[in-house]
file final-v6.cif (mmCIF, C-alpha atoms)
data_model
#
loop_
_atom_site.label_atom_id
_atom_site.label_comp_id
_atom_site.auth_asym_id
_atom_site.auth_seq_id
_atom_site.Cartn_x
_atom_site.Cartn_y
_atom_site.Cartn_z
CA MET A 1 150.27 104.41 30.56
CA SER A 2 146.72 104.40 31.86
CA ASN A 3 146.14 102.22 34.92
CA ASN A 4 142.90 103.90 35.85
CA ILE A 5 140.73 100.94 36.80
CA GLU A 6 139.00 99.59 39.89
CA VAL A 7 137.80 96.00 39.81
CA SER A 8 135.88 94.55 42.73
CA VAL A 9 133.91 91.39 43.41
CA LYS A 10 130.88 91.19 45.64
CA ARG A 11 128.22 88.56 46.12
CA VAL A 12 124.58 89.31 45.68
CA ASN A 13 122.17 86.43 46.30
CA ASP A 14 125.20 84.12 46.03
CA VAL A 15 125.98 85.41 42.53
CA PRO A 16 129.48 86.87 42.15
CA VAL A 17 129.27 90.33 40.62
CA ILE A 18 132.41 91.87 39.16
CA GLY A 19 132.31 95.64 39.47
CA ILE A 20 134.30 97.63 36.90
CA LYS A 21 135.09 101.30 37.22
CA GLY A 22 137.48 103.27 35.00
CA ASP A 23 139.30 102.35 31.80
CA VAL A 24 139.32 98.84 30.39
CA THR A 25 142.31 98.73 28.05
CA ALA A 26 145.04 96.39 26.86
CA VAL A 27 146.91 97.26 30.06
CA THR A 28 144.11 97.14 32.63
CA GLY A 29 141.81 94.51 31.10
CA VAL A 30 143.86 91.74 32.68
CA GLU A 31 142.42 92.77 36.06
CA VAL A 32 138.91 92.05 34.79
CA LYS A 33 140.05 88.74 33.35
CA ASN A 34 141.76 87.80 36.62
CA ALA A 35 138.58 88.60 38.55
CA TYR A 36 136.56 86.45 36.14
CA GLU A 37 139.02 83.57 36.48
CA THR A 38 139.00 83.81 40.28
CA VAL A 39 135.21 83.61 40.56
CA SER A 40 135.09 81.03 37.79
CA LYS A 41 137.30 78.65 39.77
CA GLU A 42 134.57 78.50 42.40
CA GLY A 43 132.44 76.61 39.91
CA THR A 44 129.74 79.24 39.67
CA GLU A 45 127.32 78.98 36.75
CA LYS A 46 126.26 82.60 36.78
CA ILE A 47 128.47 85.67 36.97
CA GLY A 48 127.46 89.31 36.95
CA CYS A 49 129.53 92.10 35.48
CA HIS A 50 128.55 95.60 36.49
CA PHE A 51 130.01 98.60 34.67
CA ASP A 52 130.22 102.02 36.21
CA PRO A 53 128.49 104.56 33.92
CA GLY A 54 131.79 106.37 33.25
CA CYS A 55 133.63 103.28 31.98
CA TYR A 56 135.80 103.61 28.89
CA ILE A 57 136.55 100.46 26.91
CA ASN A 58 138.92 100.38 23.95
CA SER A 59 139.81 97.59 21.55
CA GLY A 60 142.50 96.30 23.90
CA GLY A 61 139.87 96.01 26.63
CA LEU A 62 137.34 94.42 24.29
CA ALA A 63 139.85 91.68 23.53
CA PHE A 64 139.68 90.61 27.19
CA PHE A 65 135.88 90.41 27.06
CA ILE A 66 136.14 88.28 23.94
CA GLU A 67 138.43 85.94 25.89
CA ILE A 68 136.00 85.88 28.81
CA ALA A 69 133.16 85.12 26.38
CA SER A 70 135.12 82.22 24.96
CA GLN A 71 136.02 80.82 28.39
CA SER A 72 132.52 81.21 29.81
CA ARG A 73 131.10 79.38 26.81
CA LYS A 74 133.48 76.48 27.44
CA ASN A 75 132.62 76.55 31.13
CA LYS A 76 128.88 76.66 30.36
CA GLN A 77 128.48 79.80 32.42
CA THR A 78 126.05 82.65 32.01
CA VAL A 79 127.70 86.06 32.20
CA CYS A 80 125.28 88.93 32.75
CA ILE A 81 126.39 92.42 31.80
CA CYS A 82 124.77 95.53 33.18
CA GLY A 83 125.56 99.23 33.38
CA LEU A 84 127.04 99.54 29.89
CA SER A 85 126.38 102.90 28.25
CA ASP A 86 124.39 102.93 25.01
CA HIS A 87 127.61 103.60 23.11
CA PHE A 88 129.52 100.65 24.51
CA LEU A 89 126.46 98.45 24.17
CA LYS A 90 126.59 99.30 20.47
CA ILE A 91 130.31 98.47 20.39
CA PHE A 92 129.67 95.13 22.15
CA LYS A 93 127.00 94.36 19.56
CA MET A 94 129.35 95.36 16.71
CA VAL A 95 131.95 92.80 17.79
CA GLY A 96 129.43 90.05 18.56
CA LEU A 97 129.66 90.18 22.35
CA THR A 98 125.92 90.70 22.87
CA ARG A 99 125.47 87.14 21.53
CA CYS A 100 127.78 85.84 24.24
CA PHE A 101 126.53 87.71 27.29
CA ASP A 102 123.11 88.36 28.79
CA ILE A 103 122.62 92.10 28.67
CA ILE A 104 120.63 93.32 31.64
CA THR A 105 119.13 96.77 31.84
CA ASP A 106 118.01 96.45 35.47
CA PRO A 107 120.97 95.58 37.77
CA LYS A 108 118.64 93.71 40.14
CA ASP A 109 118.03 91.13 37.39
CA ALA A 110 121.78 90.44 37.11
CA MET A 111 121.93 89.56 40.76
CA LYS A 112 119.12 87.04 40.86
CA GLY A 113 120.35 83.57 41.64
CA GLY A 114 119.56 80.43 39.64
CA MET B 1 134.68 126.35 15.72
CA LYS B 2 135.33 125.99 11.97
CA HIS B 3 139.10 126.23 11.90
CA VAL B 4 141.53 123.36 11.55
CA THR B 5 142.88 121.94 14.81
CA GLU B 6 146.30 120.30 14.68
CA PHE B 7 148.22 118.70 17.51
CA GLU B 8 150.81 116.06 18.29
CA LEU B 9 150.75 113.23 20.82
CA PRO B 10 153.58 111.17 22.27
CA SER B 11 153.56 107.44 21.52
CA THR B 12 152.36 106.68 25.03
CA LEU B 13 149.16 104.78 25.78
CA GLY B 14 146.73 107.07 27.53
CA SER B 15 147.59 110.14 25.47
CA GLU B 16 144.78 109.19 23.06
CA LYS B 17 142.47 110.71 25.68
CA ILE B 18 143.74 114.15 24.67
CA ALA B 19 142.56 113.46 21.12
CA MET B 20 139.20 112.23 22.45
CA GLU B 21 138.68 115.45 24.39
CA LYS B 22 139.65 117.66 21.45
CA VAL B 23 137.46 115.83 18.93
CA SER B 24 134.57 115.96 21.36
CA MET B 25 134.86 119.76 21.62
CA VAL B 26 135.11 120.25 17.85
CA ALA B 27 132.23 117.87 17.12
CA GLU B 28 130.03 119.48 19.75
CA SER B 29 130.65 122.92 18.26
CA MET B 30 129.63 121.53 14.85
CA GLY B 31 126.36 120.18 16.22
CA PHE B 32 127.06 116.45 16.23
CA GLU B 33 124.65 114.47 18.39
CA ARG B 34 125.88 113.01 21.67
CA GLU B 35 125.95 109.38 20.48
CA ARG B 36 127.81 110.32 17.31
CA ILE B 37 130.38 112.18 19.40
CA GLU B 38 130.94 108.94 21.32
CA ASP B 39 131.56 107.22 17.95
CA LEU B 40 134.08 109.91 17.05
CA LYS B 41 135.87 109.54 20.38
CA THR B 42 136.15 105.78 19.97
CA ALA B 43 137.34 106.06 16.36
CA ILE B 44 140.02 108.67 17.06
CA ALA B 45 141.21 106.79 20.14
CA GLU B 46 141.60 103.58 18.15
CA ALA B 47 143.41 105.37 15.32
CA CYS B 48 145.83 106.98 17.81
CA ILE B 49 146.44 103.70 19.63
CA ASN B 50 147.16 101.97 16.31
CA ALA B 51 149.55 104.78 15.36
CA MET B 52 151.41 104.50 18.68
CA GLU B 53 151.52 100.71 18.77
CA HIS B 54 151.68 99.45 15.18
CA GLY B 55 153.07 102.56 13.48
CA ASN B 56 155.52 104.03 15.93
CA LYS B 57 156.08 100.80 17.93
CA PHE B 58 155.87 102.92 21.09
CA ASP B 59 159.10 104.70 20.12
CA GLN B 60 159.21 107.68 22.47
CA ASN B 61 160.98 109.71 19.81
CA ALA B 62 158.14 109.19 17.34
CA ILE B 63 155.04 111.34 17.50
CA VAL B 64 151.43 110.90 16.42
CA GLY B 65 150.05 113.82 14.44
CA VAL B 66 146.33 114.59 14.50
CA VAL B 67 144.34 117.00 12.32
CA LEU B 68 140.66 117.83 12.88
CA GLU B 69 139.10 119.67 9.97
CA PRO B 70 135.46 120.74 10.03
CA LYS B 71 134.27 121.41 6.48
CA GLY B 72 130.68 121.79 5.39
CA ASN B 73 128.67 118.96 6.88
CA ALA B 74 131.68 116.76 7.62
CA LEU B 75 134.44 116.45 10.12
CA THR B 76 137.65 115.03 8.70
CA ILE B 77 140.07 113.42 11.12
CA VAL B 78 143.60 112.61 10.05
CA VAL B 79 145.93 110.56 12.25
CA ARG B 80 149.55 110.20 11.16
CA ASP B 81 152.38 108.11 12.51
CA GLN B 82 156.01 107.65 11.54
CA GLY B 83 155.83 103.92 10.87
CA LYS B 84 156.50 101.75 7.85
CA GLY B 85 153.10 100.93 6.47
CA ILE B 86 149.57 99.63 6.73
CA ASP B 87 148.62 96.47 4.91
CA PRO B 88 144.94 96.96 3.97
CA ASP B 89 144.59 93.19 3.56
CA LYS B 90 145.24 92.80 7.28
CA ILE B 91 142.29 94.95 8.23
CA PRO B 92 139.55 92.54 9.25
CA ARG B 93 136.19 92.97 7.52
CA LYS B 94 134.52 90.84 10.15
CA ILE B 95 135.67 89.43 13.42
CA LEU B 96 132.93 86.86 13.93
CA ASN B 97 133.40 83.14 13.49
CA ASP B 98 131.00 81.19 11.30
CA ASP B 99 128.94 80.39 14.40
CA GLY B 100 128.37 84.12 14.96
CA PHE B 101 130.58 84.34 18.03
CA PRO B 102 133.60 86.65 18.13
CA SER B 103 136.98 85.17 17.31
CA THR B 104 139.58 85.18 20.06
CA ASP B 105 142.17 85.69 17.32
CA CYS B 106 140.95 89.26 17.04
CA GLY B 107 143.92 91.29 15.82
CA GLY B 108 142.85 94.43 14.01
CA LEU B 109 139.91 95.04 16.31
CA GLY B 110 140.65 98.79 16.47
CA MET B 111 140.64 99.17 12.70
CA PHE B 112 137.47 97.05 12.53
CA LEU B 113 135.75 99.49 14.90
CA ILE B 114 136.96 102.53 12.95
CA SER B 115 135.74 101.08 9.66
CA ASN B 116 132.32 100.48 11.21
CA LEU B 117 132.02 103.88 12.86
CA ALA B 118 133.35 106.29 10.21
CA ASN B 119 131.29 107.26 7.17
CA GLU B 120 134.41 107.05 5.03
CA LEU B 121 137.88 105.70 5.72
CA PHE B 122 141.12 106.06 3.77
CA TYR B 123 144.63 104.94 4.60
CA GLU B 124 147.86 105.78 2.91
CA THR B 125 151.49 104.88 3.43
CA LYS B 126 154.05 107.50 2.55
CA PRO B 127 157.46 105.81 2.22
CA GLY B 128 159.99 107.36 4.53
CA ILE B 129 157.35 109.50 6.20
CA GLY B 130 154.75 107.25 7.77
CA ASN B 131 151.13 106.16 7.66
CA GLU B 132 148.05 108.28 7.45
CA VAL B 133 144.52 107.29 8.38
CA LYS B 134 141.78 109.65 7.26
CA MET B 135 138.24 109.33 8.62
CA LEU B 136 135.20 111.31 7.56
CA PHE B 137 132.16 111.73 9.76
CA TYR B 138 129.07 113.39 8.32
CA LEU B 139 126.83 115.63 10.29
CA GLU B 140 123.38 114.08 10.00
CA HIS B 141 120.19 115.75 11.00
#

call {"tool": "encode", "arguments": {"input": "final-v6.cif", "output": "structure tokens"}}
result
Amino acid sequence: MSNNIEVSVKRVNDVPVIGIKGDVTAVTGVEVKNAYETVSKEGTEKIGCHFDPGCYINSGGLAFFIEIASQSRKNKQTVCICGLSDHFLKIFKMVGLTRCFDIITDPKDAMKGG
Amino acid sequence: MKHVTEFELPSTLGSEKIAMEKVSMVAESMGFERERIEDLKTAIAEACINAMEHGNKFDQNAIVGVVLEPKGNALTIVVRDQGKGIDPDKIPRKILNDDGFPSTDCGGLGMFLISNLANELFYETKPGIGNEVKMLFYLEH
């Protein structure tokens, strides 16, 4: 079973940014969700999510992002996504996730406060 | 590389990466563009995961069979499991709610992706043998 994932959280201009490296799957996606829930408890209105260029996301992993989208909508949070490859950006669009998240092409934009 | 490639995978999550690597090599040799190869990798991975999970129920004695067949301007991918059957009515045609946002009740997401990425998709249940998903991807220039 693949457990190849590294999830980290750092703060840039007081915005929590979740870094994701590796495979986001039905097994590992819970680590991303846990990181989201941890930073979410702090009451932050803006959260960044930065993907390493080599990330692989399958349907099991997408399901976690759909959950995060649903929760962030309820919490009135803005989740900014950056670093997604063109392919996974297409997949996010296919399943409606680009409507839920702000897609940022320049990582510096994801880290701006406010 | 114009010959048929056949291989078997165990019903273990993670082994779909072997199929992704093999389809990438075959598709590259056929001249598929980089982005289309990414589509192929996602589609075959999802088909293998479905076969392991829903077909074989992660039974370690059950295998997933994969066939890659380049023919003319198309690559045919067949993924077989040893499960009981696929109900086509359970394959979601859309996974968005009426408000345009994705549904959290998103079972069938893998099949939804496959149906959106492949040029053609067929599924068949062979009683006593298993399920077969066949995907066709056309080489477009």

call {"tool": "interface_residues", "arguments": {"input": "final-v6.cif", "of": "chain B", "to": "chain A", "cutoff": "12 Å", "atoms": "only C-alpha atoms", "output": "PDB file with C-alpha atoms, in the coordinates of the input"}}
result
ATOM      1  CA  PRO B  10     153.580 111.170  22.270  1.00  0.00           C
ATOM      2  CA  SER B  11     153.560 107.440  21.520  1.00  0.00           C
ATOM      3  CA  THR B  12     152.360 106.680  25.030  1.00  0.00           C
ATOM      4  CA  LEU B  13     149.160 104.780  25.780  1.00  0.00           C
ATOM      5  CA  GLY B  14     146.730 107.070  27.530  1.00  0.00           C
ATOM      6  CA  SER B  15     147.590 110.140  25.470  1.00  0.00           C
ATOM      7  CA  GLU B  16     144.780 109.190  23.060  1.00  0.00           C
ATOM      8  CA  LYS B  17     142.470 110.710  25.680  1.00  0.00           C
ATOM      9  CA  MET B  20     139.200 112.230  22.450  1.00  0.00           C
ATOM     10  CA  ARG B  34     125.880 113.010  21.670  1.00  0.00           C
ATOM     11  CA  GLU B  35     125.950 109.380  20.480  1.00  0.00           C
ATOM     12  CA  ARG B  36     127.810 110.320  17.310  1.00  0.00           C
ATOM     13  CA  ILE B  37     130.380 112.180  19.400  1.00  0.00           C
ATOM     14  CA  GLU B  38     130.940 108.940  21.320  1.00  0.00           C
ATOM     15  CA  ASP B  39     131.560 107.220  17.950  1.00  0.00           C
ATOM     16  CA  LEU B  40     134.080 109.910  17.050  1.00  0.00           C
ATOM     17  CA  LYS B  41     135.870 109.540  20.380  1.00  0.00           C
ATOM     18  CA  THR B  42     136.150 105.780  19.970  1.00  0.00           C
ATOM     19  CA  ALA B  43     137.340 106.060  16.360  1.00  0.00           C
ATOM     20  CA  ILE B  44     140.020 108.670  17.060  1.00  0.00           C
ATOM     21  CA  ALA B  45     141.210 106.790  20.140  1.00  0.00           C
ATOM     22  CA  GLU B  46     141.600 103.580  18.150  1.00  0.00           C
ATOM     23  CA  ALA B  47     143.410 105.370  15.320  1.00  0.00           C
ATOM     24  CA  CYS B  48     145.830 106.980  17.810  1.00  0.00           C
ATOM     25  CA  ILE B  49     146.440 103.700  19.630  1.00  0.00           C
ATOM     26  CA  ASN B  50     147.160 101.970  16.310  1.00  0.00           C
ATOM     27  CA  MET B  52     151.410 104.500  18.680  1.00  0.00           C
ATOM     28  CA  GLU B  53     151.520 100.710  18.770  1.00  0.00           C
ATOM     29  CA  PHE B  58     155.870 102.920  21.090  1.00  0.00           C
ATOM     30  CA  PRO B  92     139.550  92.540   9.250  1.00  0.00           C
ATOM     31  CA  ARG B  93     136.190  92.970   7.520  1.00  0.00           C
ATOM     32  CA  LYS B  94     134.520  90.840  10.150  1.00  0.00           C
ATOM     33  CA  ILE B  95     135.670  89.430  13.420  1.00  0.00           C
ATOM     34  CA  LEU B  96     132.930  86.860  13.930  1.00  0.00           C
ATOM     35  CA  ASN B  97     133.400  83.140  13.490  1.00  0.00           C
ATOM     36  CA  ASP B  98     131.000  81.190  11.300  1.00  0.00           C
ATOM     37  CA  ASP B  99     128.940  80.390  14.400  1.00  0.00           C
ATOM     38  CA  GLY B 100     128.370  84.120  14.960  1.00  0.00           C
ATOM     39  CA  PHE B 101     130.580  84.340  18.030  1.00  0.00           C
ATOM     40  CA  PRO B 102     133.600  86.650  18.130  1.00  0.00           C
ATOM     41  CA  SER B 103     136.980  85.170  17.310  1.00  0.00           C
ATOM     42  CA  THR B 104     139.580  85.180  20.060  1.00  0.00           C
ATOM     43  CA  ASP B 105     142.170  85.690  17.320  1.00  0.00           C
ATOM     44  CA  CYS B 106     140.950  89.260  17.040  1.00  0.00           C
ATOM     45  CA  GLY B 107     143.920  91.290  15.820  1.00  0.00           C
ATOM     46  CA  GLY B 108     142.850  94.430  14.010  1.00  0.00           C
ATOM     47  CA  LEU B 109     139.910  95.040  16.310  1.00  0.00           C
ATOM     48  CA  GLY B 110     140.650  98.790  16.470  1.00  0.00           C
ATOM     49  CA  MET B 111     140.640  99.170  12.700  1.00  0.00           C
ATOM     50  CA  PHE B 112     137.470  97.050  12.530  1.00  0.00           C
ATOM     51  CA  LEU B 113     135.750  99.490  14.900  1.00  0.00           C
ATOM     52  CA  ILE B 114     136.960 102.530  12.950  1.00  0.00           C
ATOM     53  CA  SER B 115     135.740 101.080   9.660  1.00  0.00           C
ATOM     54  CA  ASN B 116     132.320 100.480  11.210  1.00  0.00           C
ATOM     55  CA  LEU B 117     132.020 103.880  12.860  1.00  0.00           C
TER      56      LEU B 117
END

call {"tool": "resolve_selection", "arguments": {"input": "final-v6.cif", "expression": "the PyMOL selection byres ((chain A and resi 51) around 7)", "output": "list in words"}}
result
Gly19, Ile20, Lys21, Cys49, His50, Asp52, Pro53, Cys55, Cys82, Gly83 and Leu84 of chain A

call {"tool": "atom_distance", "arguments": {"input": "final-v6.cif", "atom1": "CA of Val26 in chain B", "atom2": "CA of Thr5 in chain B"}}
result
8.5 Å

call {"tool": "atom_distance", "arguments": {"input": "final-v6.cif", "atom1": "CA of Asn56 in chain B", "atom2": "CA of Glu124 in chain B"}}
result
15.2 Å

call {"tool": "closest_residue", "arguments": {"input": "final-v6.cif", "among": "A:Val24, A:Val30, A:Glu37, A:Gln77", "to": "Val9 in chain A", "atoms": "all atoms listed in the file"}}
result
A:Glu37

call {"tool": "closest_residue", "arguments": {"input": "final-v6.cif", "among": "A:Asp14, A:Glu6, A:Asp102, A:Glu42", "to": "Thr28 in chain A", "atoms": "all atoms listed in the file"}}
result
A:Glu6

call {"tool": "atom_distance", "arguments": {"input": "final-v6.cif", "atom1": "CA of Leu9 in chain B", "atom2": "CA of Val66 in chain B"}}
result
7.8 Å

call {"tool": "resolve_selection", "arguments": {"input": "final-v6.cif", "expression": "the PyMOL selection byres ((chain A and resi 103) around 6)", "output": "PyMOL selection string"}}
result
chain A and resi 80-81+102+104

call {"tool": "resolve_selection", "arguments": {"input": "final-v6.cif", "expression": "the PyMOL selection byres ((chain B and resi 123) around 7)", "output": "list in words"}}
result
Leu121, Phe122, Glu124, Thr125, Glu132, Val133 and Lys134 of chain B

call {"tool": "closest_residue", "arguments": {"input": "final-v6.cif", "among": "A:Phe92, A:Gly54, A:Val79, A:Gly22", "to": "Tyr36 in chain A", "atoms": "all atoms listed in the file"}}
result
A:Val79

call {"tool": "axis_aligned_box", "arguments": {"input": "final-v6.cif", "around": "range 46-64 of chain A", "padding_each_side": "6 Å", "output": "lines of an AutoDock Vina configuration file"}}
result
center_x = 134.4
center_y = 94.5
center_z = 29.3
size_x = 28.2
size_y = 35.8
size_z = 27.4

call {"tool": "residues_near_point", "arguments": {"input": "final-v6.cif", "point": "(160.6, 100.8, 3.4)", "cutoff": "7 Å", "atoms": "only C-alpha atoms", "output": "PDB file with C-alpha atoms, in the coordinates of the input"}}
result
ATOM      1  CA  LYS B  84     156.500 101.750   7.850  1.00  0.00           C
ATOM      2  CA  PRO B 127     157.460 105.810   2.220  1.00  0.00           C
ATOM      3  CA  GLY B 128     159.990 107.360   4.530  1.00  0.00           C
TER       4      GLY B 128
END
